[in-house]
>>> print(open('upload.tsv').read())   # TSV, C-alpha atoms
chain	number	residue	atom	x	y	z
A	11	MET	CA	12.83	-14.03	-16.59
A	12	GLU	CA	16.11	-15.34	-18.01
A	13	VAL	CA	18.01	-14.62	-21.22
A	14	SER	CA	17.10	-18.15	-22.37
A	15	ASP	CA	13.34	-17.51	-21.97
A	16	LEU	CA	12.35	-17.97	-25.62
A	17	ALA	CA	8.66	-17.24	-25.00
A	18	PHE	CA	9.55	-13.86	-23.53
A	19	HIS	CA	11.75	-12.91	-26.46
A	20	ALA	CA	9.17	-14.12	-28.95
A	21	ALA	CA	6.51	-11.94	-27.27
A	22	LEU	CA	8.88	-8.98	-27.20
A	23	GLY	CA	9.68	-9.45	-30.89
A	24	LYS	CA	5.95	-9.52	-31.69
A	25	LEU	CA	5.45	-6.33	-29.68
A	26	VAL	CA	8.24	-4.52	-31.58
A	27	GLY	CA	6.59	-5.61	-34.82
A	28	ASP	CA	3.32	-4.02	-33.65
A	29	VAL	CA	4.84	-0.55	-33.16
A	30	GLY	CA	2.83	1.97	-35.17
A	31	ASN	CA	-0.28	-0.24	-35.32
A	32	ALA	CA	-3.54	1.12	-33.96
A	33	ASP	CA	-3.60	-1.61	-31.32
A	34	PHE	CA	-0.02	-1.03	-30.11
A	35	TRP	CA	-0.87	0.43	-26.69
A	36	ARG	CA	-3.19	-2.42	-25.78
A	37	ARG	CA	-0.57	-4.94	-26.90
A	38	LEU	CA	2.14	-3.17	-24.91
A	39	THR	CA	0.10	-3.16	-21.70
A	40	THR	CA	-0.88	-6.81	-22.26
A	41	PHE	CA	2.81	-7.65	-22.55
A	42	LEU	CA	3.63	-5.72	-19.35
A	43	ARG	CA	0.73	-7.29	-17.47
A	44	ARG	CA	2.20	-10.75	-18.08
A	45	GLN	CA	5.18	-9.63	-15.99
A	46	VAL	CA	3.64	-7.26	-13.40
A	47	ALA	CA	0.04	-7.07	-12.16
A	48	PHE	CA	-1.78	-3.71	-12.50
A	49	ASP	CA	-5.44	-2.70	-12.75
A	50	THR	CA	-5.67	0.36	-15.01
A	51	TRP	CA	-3.63	1.99	-17.74
A	52	VAL	CA	-3.75	5.09	-19.91
A	53	ALA	CA	-1.38	6.47	-22.55
A	54	MET	CA	-1.26	10.19	-23.31
A	55	ILE	CA	1.00	13.04	-24.30
A	56	PHE	CA	1.60	15.89	-21.86
A	57	GLN	CA	2.27	19.17	-23.65
A	58	PRO	CA	3.07	22.70	-22.41
A	59	GLY	CA	0.16	25.12	-22.54
A	60	HIS	CA	-2.40	22.54	-23.66
A	61	ALA	CA	-4.45	19.70	-22.24
A	62	PRO	CA	-2.94	16.22	-22.63
A	63	VAL	CA	-3.57	14.29	-25.84
A	64	LEU	CA	-5.19	10.93	-25.10
A	65	LEU	CA	-3.61	8.09	-27.08
A	66	ALA	CA	-5.36	5.04	-25.60
A	67	ASP	CA	-6.86	3.84	-22.32
A	68	CYS	CA	-8.73	0.98	-20.68
A	69	PRO	CA	-11.93	2.51	-19.27
A	70	ASP	CA	-13.88	-0.15	-17.45
A	71	ASP	CA	-17.18	1.67	-16.94
A	72	ALA	CA	-19.12	4.86	-17.61
A	73	VAL	CA	-17.86	6.47	-14.39
A	74	ALA	CA	-14.25	6.01	-15.52
A	75	ASP	CA	-15.10	7.66	-18.85
A	76	VAL	CA	-16.54	10.71	-17.06
A	77	LEU	CA	-13.55	10.97	-14.73
A	78	LEU	CA	-11.09	10.79	-17.63
A	79	ARG	CA	-13.05	13.42	-19.55
A	80	ASP	CA	-12.96	15.76	-16.56
A	81	TYR	CA	-9.24	15.08	-16.15
A	82	LEU	CA	-8.50	16.02	-19.78
A	83	ALA	CA	-10.72	19.09	-19.60
A	84	ARG	CA	-9.30	20.69	-16.47
A	85	PHE	CA	-7.90	18.57	-13.66
A	86	TYR	CA	-4.71	17.50	-15.42
A	87	LEU	CA	-3.34	20.76	-14.02
A	88	LEU	CA	-3.60	19.26	-10.52
A	89	ASP	CA	-1.98	15.95	-11.48
A	90	PRO	CA	1.49	15.56	-9.94
A	91	PHE	CA	2.63	13.43	-12.87
A	92	CYS	CA	1.58	16.06	-15.42
A	93	ARG	CA	3.44	18.79	-13.56
A	94	PHE	CA	6.47	16.54	-13.13
A	95	ALA	CA	6.50	15.46	-16.79
A	96	LEU	CA	6.46	19.08	-17.94
A	97	SER	CA	9.40	19.93	-15.64
A	98	GLY	CA	11.82	18.17	-18.02
A	99	PRO	CA	12.62	14.76	-16.51
A	100	ALA	CA	14.78	12.20	-18.26
A	101	ALA	CA	13.09	9.25	-19.95
A	102	GLY	CA	12.40	6.48	-17.47
A	103	LEU	CA	10.07	5.03	-14.87
A	104	TYR	CA	8.65	7.12	-12.03
A	105	ARG	CA	6.34	6.39	-9.08
A	106	ILE	CA	3.58	8.63	-7.71
A	107	ASP	CA	5.06	8.91	-4.20
A	108	ASP	CA	8.33	10.15	-5.70
A	109	VAL	CA	6.75	13.02	-7.65
A	110	ALA	CA	3.68	14.06	-5.60
A	111	PRO	CA	3.69	16.93	-3.07
A	112	GLU	CA	3.55	16.14	0.62
A	113	LEU	CA	-0.20	16.77	1.09
A	114	PHE	CA	-1.34	15.14	-2.15
A	115	ARG	CA	-3.37	12.33	-0.56
A	116	GLN	CA	-5.26	14.87	1.55
A	117	THR	CA	-6.49	16.92	-1.43
A	118	GLU	CA	-10.00	17.01	-2.85
A	119	TYR	CA	-8.48	16.06	-6.20
A	120	TYR	CA	-7.09	12.85	-4.72
A	121	GLN	CA	-10.31	11.97	-2.89
A	122	THR	CA	-12.68	12.86	-5.72
A	123	TYR	CA	-10.74	11.86	-8.83
A	124	TYR	CA	-7.38	10.19	-8.36
A	125	ARG	CA	-8.58	7.57	-5.89
A	126	HIS	CA	-11.30	6.47	-8.33
A	127	MET	CA	-9.24	6.73	-11.52
A	128	VAL	CA	-6.02	5.14	-10.24
A	129	ASP	CA	-6.88	3.97	-6.70
A	130	HIS	CA	-3.70	3.57	-4.66
A	131	ASP	CA	-0.36	3.17	-6.43
A	132	GLU	CA	0.80	4.42	-9.82
A	133	VAL	CA	3.91	4.29	-11.96
A	134	GLN	CA	4.50	6.03	-15.27
A	135	PHE	CA	6.91	5.43	-18.10
A	136	LEU	CA	7.83	8.88	-19.45
A	137	ALA	CA	9.38	9.56	-22.84
A	138	PRO	CA	10.24	13.16	-23.86
A	139	ILE	CA	9.74	13.73	-27.59
A	140	GLY	CA	10.78	17.37	-28.11
A	141	GLY	CA	9.02	20.69	-27.86
A	142	GLY	CA	8.44	20.10	-24.17
A	143	ARG	CA	6.08	17.21	-24.95
A	144	VAL	CA	6.29	13.97	-22.99
A	145	ILE	CA	4.60	10.66	-23.70
A	146	SER	CA	3.21	8.99	-20.59
A	147	LEU	CA	2.13	5.41	-20.03
A	148	SER	CA	0.46	5.21	-16.62
A	149	LEU	CA	-0.06	1.91	-14.81
A	150	GLY	CA	-2.38	2.04	-11.80
A	151	SER	CA	-2.81	-0.49	-9.02
A	152	HIS	CA	-5.49	-1.03	-6.38
A	153	GLY	CA	-2.70	-2.33	-4.16
A	154	VAL	CA	0.99	-1.44	-3.88
A	155	PHE	CA	3.66	-2.31	-6.43
A	156	SER	CA	6.13	-4.59	-4.68
A	157	ALA	CA	9.90	-4.22	-4.71
A	158	ALA	CA	10.00	-7.13	-7.17
A	159	ASP	CA	7.43	-5.39	-9.41
A	160	MET	CA	9.45	-2.20	-9.38
A	161	GLY	CA	12.62	-4.13	-10.16
A	162	VAL	CA	11.03	-5.67	-13.26
A	163	LEU	CA	9.57	-2.35	-14.41
A	164	GLN	CA	12.90	-0.57	-13.88
A	165	LEU	CA	14.52	-3.23	-16.05
A	166	TYR	CA	11.97	-2.55	-18.79
A	167	ALA	CA	12.47	1.22	-18.46
A	168	ALA	CA	15.53	0.85	-20.70
A	169	TRP	CA	13.38	-0.01	-23.75
A	170	VAL	CA	9.72	0.91	-23.07
A	171	PRO	CA	10.11	4.73	-23.37
A	172	PRO	CA	12.06	4.53	-26.69
A	173	LEU	CA	9.41	2.14	-28.02
A	174	MET	CA	6.67	4.56	-26.95
A	175	ALA	CA	8.42	7.44	-28.71
A	176	LEU	CA	8.79	5.38	-31.88
A	177	ALA	CA	5.10	4.44	-31.79
A	178	VAL	CA	4.05	8.09	-31.54
A	179	ARG	CA	6.35	9.12	-34.39
A	180	LEU	CA	4.85	6.41	-36.59
A	181	GLU	CA	1.30	7.28	-35.60
A	182	ALA	CA	2.03	11.00	-36.18
A	183	GLY	CA	-1.58	12.18	-36.27
A	184	PRO	CA	-2.65	12.08	-32.62
A	185	ALA	CA	0.70	13.40	-31.44
A	186	GLN	CA	0.37	16.56	-33.49
A	187	ALA	CA	-3.24	17.32	-32.57
A	188	ALA	CA	-3.82	20.34	-30.33
A	189	HIS	CA	-6.32	19.31	-27.69
A	190	GLY	CA	-8.98	21.92	-27.04
A	191	GLY	CA	-9.33	21.38	-23.31
A	192	ALA	CA	-10.01	24.35	-21.03
A	193	ASP	CA	-7.52	25.54	-18.42
A	194	LEU	CA	-8.65	26.50	-14.93
A	195	GLN	CA	-8.68	30.22	-15.67
A	196	ALA	CA	-11.11	29.66	-18.53
A	197	VAL	CA	-13.25	27.45	-16.29
A	198	LEU	CA	-13.44	30.19	-13.65
A	199	GLU	CA	-14.33	32.82	-16.26
A	200	ARG	CA	-17.17	30.66	-17.59
A	201	LEU	CA	-18.46	30.43	-14.01
A	202	GLY	CA	-18.55	34.23	-13.82
A	203	CYS	CA	-15.66	34.52	-11.34
A	204	PRO	CA	-13.35	37.55	-11.33
A	205	ARG	CA	-10.09	36.93	-13.18
A	206	LEU	CA	-7.21	35.79	-10.96
A	207	THR	CA	-3.74	37.23	-11.42
A	208	ALA	CA	-1.03	34.92	-12.77
A	209	ARG	CA	0.47	34.64	-9.26
A	210	GLU	CA	-2.93	33.88	-7.71
A	211	MET	CA	-3.57	31.19	-10.34
A	212	ASP	CA	-0.20	29.58	-9.60
A	213	VAL	CA	-0.91	29.59	-5.86
A	214	MET	CA	-4.40	28.14	-6.34
A	215	VAL	CA	-3.19	25.30	-8.58
A	216	LEU	CA	-0.35	24.39	-6.20
A	217	MET	CA	-2.70	24.44	-3.20
A	218	GLN	CA	-5.22	22.20	-4.95
A	219	ALA	CA	-2.42	19.84	-6.03
A	220	GLY	CA	-1.41	19.24	-2.41
A	221	HIS	CA	1.47	21.63	-1.75
A	222	SER	CA	1.71	23.20	1.70
A	223	THR	CA	2.05	26.94	2.19
A	224	ARG	CA	5.73	26.42	2.94
A	225	SER	CA	6.45	24.36	-0.19
A	226	ILE	CA	4.52	26.84	-2.37
A	227	ALA	CA	6.60	29.67	-0.91
A	228	GLN	CA	9.81	27.78	-1.61
A	229	SER	CA	8.71	26.89	-5.14
A	230	MET	CA	7.70	30.46	-6.00
A	231	ARG	CA	10.55	32.02	-4.00
A	232	ILE	CA	8.31	34.31	-1.99
A	233	SER	CA	7.44	34.39	1.71
A	234	PRO	CA	4.80	32.16	3.35
A	235	HIS	CA	3.05	35.35	4.48
A	236	THR	CA	2.67	36.44	0.84
A	237	ILE	CA	1.23	33.03	-0.03
A	238	LYS	CA	-1.36	33.46	2.72
A	239	VAL	CA	-2.27	36.90	1.32
A	240	HIS	CA	-2.69	35.38	-2.16
A	241	ARG	CA	-4.86	32.61	-0.72
A	242	ARG	CA	-7.05	35.13	1.09
A	243	ASN	CA	-7.46	37.14	-2.13
A	244	ILE	CA	-8.30	33.98	-4.10
A	245	TYR	CA	-11.01	32.99	-1.63
A	246	GLU	CA	-12.46	36.50	-1.69
A	247	LYS	CA	-12.58	36.63	-5.49
A	248	LEU	CA	-14.14	33.19	-5.78
A	249	GLY	CA	-16.59	33.72	-2.94
A	250	VAL	CA	-15.39	30.69	-0.96
A	251	SER	CA	-13.70	30.05	2.37
A	252	THR	CA	-11.98	26.65	2.02
A	253	GLN	CA	-9.91	24.63	-0.46
A	254	ALA	CA	-12.73	22.09	-0.61
A	255	GLU	CA	-15.08	24.82	-1.85
A	256	VAL	CA	-12.54	25.88	-4.49
A	257	PHE	CA	-12.45	22.31	-5.79
A	258	ALA	CA	-16.24	22.03	-5.70
A	259	LEU	CA	-16.43	25.23	-7.75
A	260	LEU	CA	-13.97	23.93	-10.33
A	261	SER	CA	-15.86	20.63	-10.48
A	262	GLY	CA	-19.15	22.33	-11.18
A	263	ARG	CA	-20.59	20.92	-7.96
A	264	MET	CA	-20.99	24.28	-6.23
A	265	VAL	CA	-24.00	26.49	-7.03
A	266	ARG	CA	-23.09	30.17	-7.16
>>> encode(input="upload.tsv", output="structure tokens")
Amino acid sequence: MEVSDLAFHAALGKLVGDVGNADFWRRLTTFLRRQVAFDTWVAMIFQPGHAPVLLADCPDDAVADVLLRDYLARFYLLDPFCRFALSGPAAGLYRIDDVAPELFRQTEYYQTYYRHMVDHDEVQFLAPIGGGRVISLSLGSHGVFSAADMGVLQLYAAWVPPLMALAVRLEAGPAQAAHGGADLQAVLERLGCPRLTAREMDVMVLMQAGHSTRSIAQSMRISPHTIKVHRRNIYEKLGVSTQAEVFALLSGRMVR
């Protein structure tokens, strides 16, 4: 793409004119897809203490709808991008391998949900909008984004996040809505499980998200031995013996 590419600038001007329209997110992803190939997309707002607010997405079948519903209800807590977005990053473009923990692709969450929702590679444009909230536009690929793809997307990262923030301000309604999704503690309580302590809940979420015992210990600033004690107590309270069984319990696939 060159400065003299009039078609590009005409399309960009049309996109800017669509900011605030109900169809903005589809038009934005259509514009991006003309430059870089991707297979799935979803726009949402991550917010502290609540489930994400869904702005728009491109579900391609009933299975995708179910997976997204489960994600918004509970499994967003295991999503590396959600955790990263709520840590206070600057606006910009980020890639899954740069934000995910070291064991992420070995987790039940990855195998059961992420691999089917996103498949292999993912990038997100993130745009903080105050109050700890962050707008996310996720682009998923069945393959791997090339160096050239990433170069183009990094170039667009100068204007896509500000445009996303402007769109949400103009839409207003969805951005202010408090999503009623359940957190994992509430899910466990509905299943009749004993209540976990705050520390145990933190350890369980980090384990399920793909963090090793060592990285959990470093993150929480306690010893690996203490993490192992917490894990043993979690398993005892939940009546399980493996991380796979914890995930099955949270997914509603384990009969108690």
>>> closest_atom_pairs(input="upload.tsv", of="stretch 140-255 of chain A", to="stretch 114-119 of chain A", cutoff="7 Å", atoms="only C-alpha atoms", output="JSON lines")
{"residue": "A:Gln218", "atom": "CA", "partner": "A:Thr117", "partner_atom": "CA", "distance": 6.5}
{"residue": "A:Ala219", "atom": "CA", "partner": "A:Phe114", "partner_atom": "CA", "distance": 6.2}
{"residue": "A:Gly220", "atom": "CA", "partner": "A:Phe114", "partner_atom": "CA", "distance": 4.1}
{"residue": "A:Ala254", "atom": "CA", "partner": "A:Glu118", "partner_atom": "CA", "distance": 6.2}
>>> residues_around(input="upload.tsv", residues="stretch 168-170 of chain A", least_positions_apart="5", cutoff="10 Å", atoms="all atoms listed in the file", output="PyMOL selection string")
chain A and resi 38+42+101-103+135-137+147+163+175-176
>>> closest_residue(input="upload.tsv", among="A:Arg84, A:His126, A:Arg93, A:His235", to="A:Leu198", atoms="all atoms listed in the file")
A:Arg84
>>> atom_distance(input="upload.tsv", atom1="atom CA of A:Arg105", atom2="atom CA of A:Ile237")
28.6 Å
>>> closest_residue(input="upload.tsv", among="A:Thr39, A:Ser261, A:Asn31, A:Gln253", to="A:Leu194", atoms="only C-alpha atoms")
A:Ser261
>>> atom_distance(input="upload.tsv", atom1="atom CA of A:Asp75", atom2="atom CA of A:Phe91")
19.6 Å
>>> closest_residue(input="upload.tsv", among="A:Ala66, A:Val178, A:Met54, A:Leu77", to="A:Gly30", atoms="only C-alpha atoms")
A:Val178
>>> atom_distance(input="upload.tsv", atom1="atom CA of A:Pro99", atom2="atom CA of A:Leu206")
29.4 Å
>>> residues_around(input="upload.tsv", residues="stretch 210-212 of chain A", least_positions_apart="2", cutoff="8 Å", atoms="all atoms listed in the file", output="number ranges by chain")
A: 195, 206-208, 214-216, 240-241, 243-244
>>> write_last_selection(input="upload.tsv", atoms="C-alpha atoms", output="PDB file, keeping the file's coordinate frame")
ATOM      1  CA  GLN A 195      -8.680  30.220 -15.670  1.00  0.00           C
ATOM      2  CA  LEU A 206      -7.210  35.790 -10.960  1.00  0.00           C
ATOM      3  CA  THR A 207      -3.740  37.230 -11.420  1.00  0.00           C
ATOM      4  CA  ALA A 208      -1.030  34.920 -12.770  1.00  0.00           C
ATOM      5  CA  MET A 214      -4.400  28.140  -6.340  1.00  0.00           C
ATOM      6  CA  VAL A 215      -3.190  25.300  -8.580  1.00  0.00           C
ATOM      7  CA  LEU A 216      -0.350  24.390  -6.200  1.00  0.00           C
ATOM      8  CA  HIS A 240      -2.690  35.380  -2.160  1.00  0.00           C
ATOM      9  CA  ARG A 241      -4.860  32.610  -0.720  1.00  0.00           C
ATOM     10  CA  ASN A 243      -7.460  37.140  -2.130  1.00  0.00           C
ATOM     11  CA  ILE A 244      -8.300  33.980  -4.100  1.00  0.00           C
TER      12      ILE A 244
END
>>> closest_residue(input="upload.tsv", among="A:Lys247, A:Lys24, A:Arg37, A:Arg179", to="A:Pro138", atoms="all atoms listed in the file")
A:Arg179
>>> axis_aligned_box(input="upload.tsv", around="stretch 219-223 of chain A", padding_each_side="4 Å", output="JSON")
{"center_x": -0.2, "center_y": 23.1, "center_z": -1.9, "size_x": 12.5, "size_y": 15.7, "size_z": 16.2}
>>> closest_residue(input="upload.tsv", among="A:Ile145, A:Ala158, A:Cys68, A:Thr40", to="A:Cys92", atoms="all atoms listed in the file")
A:Ile145
>>> closest_residue(input="upload.tsv", among="A:Ala258, A:Ala47, A:Met217, A:Leu201", to="A:Glu132", atoms="only C-alpha atoms")
A:Ala47
>>> residues_around(input="upload.tsv", residues="A:Trp51", least_positions_apart="5", cutoff="10 Å", atoms="all atoms listed in the file", output="list in words")
Trp35, Arg36, Thr39, Ala66, Asp67, Cys68, Pro69, Met127, Val128, Glu132, Val133, Gln134, Leu147, Ser148, Leu149, Gly150 and Ser151 of chain A
>>> residues_around(input="upload.tsv", residues="A:Ser233", least_positions_apart="5", cutoff="10 Å", atoms="all atoms listed in the file", output="number ranges by chain")
A: 223-224, 226-228, 238
>>> residues_near_point(input="upload.tsv", point="(3.1, 21.5, -27.0)", cutoff="6 Å", atoms="only C-alpha atoms", output="PyMOL selection string")
chain A and resi 57-58+143
>>> residues_around(input="upload.tsv", residues="A:Pro62", least_positions_apart="3", cutoff="8 Å", atoms="all atoms listed in the file", output="list in words")
Met54, Ile55, Phe56, Gln57, Leu82, Tyr86 and His189 of chain A
>>> decode(input="upload.tsv", residues="stretch 26-102 of chain A", atoms="C-alpha atoms", output="PDB file, in the first residue's frame")
ATOM      1  CA  VAL A  26     -14.268   6.725   9.338  1.00  0.00           C
ATOM      2  CA  GLY A  27     -17.668   7.949   8.170  1.00  0.00           C
ATOM      3  CA  ASP A  28     -19.234   4.719   9.463  1.00  0.00           C
ATOM      4  CA  VAL A  29     -17.974   5.187  13.035  1.00  0.00           C
ATOM      5  CA  GLY A  30     -20.936   5.016  15.410  1.00  0.00           C
ATOM      6  CA  ASN A  31     -23.139   3.109  12.953  1.00  0.00           C
ATOM      7  CA  ALA A  32     -24.552  -0.249  14.015  1.00  0.00           C
ATOM      8  CA  ASP A  33     -22.603  -1.968  11.240  1.00  0.00           C
ATOM      9  CA  PHE A  34     -19.246  -0.349  12.102  1.00  0.00           C
ATOM     10  CA  TRP A  35     -17.508  -3.474  13.420  1.00  0.00           C
ATOM     11  CA  ARG A  36     -18.369  -5.552  10.369  1.00  0.00           C
ATOM     12  CA  ARG A  37     -17.188  -2.739   8.100  1.00  0.00           C
ATOM     13  CA  LEU A  38     -13.945  -2.375  10.062  1.00  0.00           C
ATOM     14  CA  THR A  39     -13.131  -6.082   9.839  1.00  0.00           C
ATOM     15  CA  THR A  40     -14.052  -6.112   6.134  1.00  0.00           C
ATOM     16  CA  PHE A  41     -11.596  -3.260   5.612  1.00  0.00           C
ATOM     17  CA  LEU A  42      -8.856  -5.087   7.546  1.00  0.00           C
ATOM     18  CA  ARG A  43      -9.502  -8.345   5.708  1.00  0.00           C
ATOM     19  CA  ARG A  44      -8.733  -6.642   2.395  1.00  0.00           C
ATOM     20  CA  GLN A  45      -5.210  -6.109   3.724  1.00  0.00           C
ATOM     21  CA  VAL A  46      -4.587  -9.194   5.914  1.00  0.00           C
ATOM     22  CA  ALA A  47      -6.264 -12.614   5.785  1.00  0.00           C
ATOM     23  CA  PHE A  48      -7.957 -13.885   8.979  1.00  0.00           C
ATOM     24  CA  ASP A  49     -10.770 -16.349   9.685  1.00  0.00           C
ATOM     25  CA  THR A  50     -12.670 -15.123  12.753  1.00  0.00           C
ATOM     26  CA  TRP A  51     -13.231 -11.870  14.591  1.00  0.00           C
ATOM     27  CA  VAL A  52     -14.986 -10.641  17.713  1.00  0.00           C
ATOM     28  CA  ALA A  53     -15.233  -7.201  19.332  1.00  0.00           C
ATOM     29  CA  MET A  54     -15.867  -6.850  23.053  1.00  0.00           C
ATOM     30  CA  ILE A  55     -15.102  -4.758  26.107  1.00  0.00           C
ATOM     31  CA  PHE A  56     -13.091  -6.271  28.950  1.00  0.00           C
ATOM     32  CA  GLN A  57     -14.040  -4.768  32.307  1.00  0.00           C
ATOM     33  CA  PRO A  58     -12.763  -5.343  35.865  1.00  0.00           C
ATOM     34  CA  GLY A  59     -15.029  -7.454  38.043  1.00  0.00           C
ATOM     35  CA  HIS A  60     -17.508  -8.282  35.275  1.00  0.00           C
ATOM     36  CA  ALA A  61     -17.821 -10.519  32.248  1.00  0.00           C
ATOM     37  CA  PRO A  62     -16.859  -8.934  28.914  1.00  0.00           C
ATOM     38  CA  VAL A  63     -19.478  -6.966  26.995  1.00  0.00           C
ATOM     39  CA  LEU A  64     -19.943  -8.380  23.500  1.00  0.00           C
ATOM     40  CA  LEU A  65     -20.088  -5.667  20.835  1.00  0.00           C
ATOM     41  CA  ALA A  66     -20.134  -7.730  17.623  1.00  0.00           C
ATOM     42  CA  ASP A  67     -18.827 -11.021  16.243  1.00  0.00           C
ATOM     43  CA  CYS A  68     -18.864 -13.292  13.212  1.00  0.00           C
ATOM     44  CA  PRO A  69     -20.204 -16.651  14.445  1.00  0.00           C
ATOM     45  CA  ASP A  70     -20.178 -19.114  11.594  1.00  0.00           C
ATOM     46  CA  ASP A  71     -22.240 -21.914  13.120  1.00  0.00           C
ATOM     47  CA  ALA A  72     -24.239 -23.033  16.154  1.00  0.00           C
ATOM     48  CA  VAL A  73     -21.155 -24.550  17.807  1.00  0.00           C
ATOM     49  CA  ALA A  74     -19.376 -21.184  17.664  1.00  0.00           C
ATOM     50  CA  ASP A  75     -22.400 -19.534  19.300  1.00  0.00           C
ATOM     51  CA  VAL A  76     -22.302 -22.026  22.181  1.00  0.00           C
ATOM     52  CA  LEU A  77     -18.556 -21.605  22.653  1.00  0.00           C
ATOM     53  CA  LEU A  78     -18.852 -17.814  22.736  1.00  0.00           C
ATOM     54  CA  ARG A  79     -21.716 -18.004  25.222  1.00  0.00           C
ATOM     55  CA  ASP A  80     -19.656 -20.240  27.512  1.00  0.00           C
ATOM     56  CA  TYR A  81     -16.702 -17.863  27.139  1.00  0.00           C
ATOM     57  CA  LEU A  82     -18.782 -14.846  28.194  1.00  0.00           C
ATOM     58  CA  ALA A  83     -20.371 -16.744  31.071  1.00  0.00           C
ATOM     59  CA  ARG A  84     -17.239 -18.079  32.731  1.00  0.00           C
ATOM     60  CA  PHE A  85     -14.164 -18.938  30.681  1.00  0.00           C
ATOM     61  CA  TYR A  86     -13.096 -15.376  29.918  1.00  0.00           C
ATOM     62  CA  LEU A  87     -11.293 -15.644  33.253  1.00  0.00           C
ATOM     63  CA  LEU A  88      -8.946 -18.204  31.675  1.00  0.00           C
ATOM     64  CA  ASP A  89      -8.315 -16.154  28.533  1.00  0.00           C
ATOM     65  CA  PRO A  90      -4.749 -14.783  28.415  1.00  0.00           C
ATOM     66  CA  PHE A  91      -5.910 -11.758  26.439  1.00  0.00           C
ATOM     67  CA  CYS A  92      -8.576 -10.870  29.006  1.00  0.00           C
ATOM     68  CA  ARG A  93      -6.081 -11.074  31.852  1.00  0.00           C
ATOM     69  CA  PHE A  94      -3.524  -9.097  29.860  1.00  0.00           C
ATOM     70  CA  ALA A  95      -6.028  -6.406  28.852  1.00  0.00           C
ATOM     71  CA  LEU A  96      -7.041  -5.877  32.475  1.00  0.00           C
ATOM     72  CA  SER A  97      -3.382  -5.504  33.528  1.00  0.00           C
ATOM     73  CA  GLY A  98      -3.264  -1.992  32.021  1.00  0.00           C
ATOM     74  CA  PRO A  99      -1.467  -2.265  28.665  1.00  0.00           C
ATOM     75  CA  ALA A 100      -1.053   0.678  26.318  1.00  0.00           C
ATOM     76  CA  ALA A 101      -3.292   0.900  23.269  1.00  0.00           C
ATOM     77  CA  GLY A 102      -1.900  -1.143  20.407  1.00  0.00           C
TER      78      GLY A 102
END
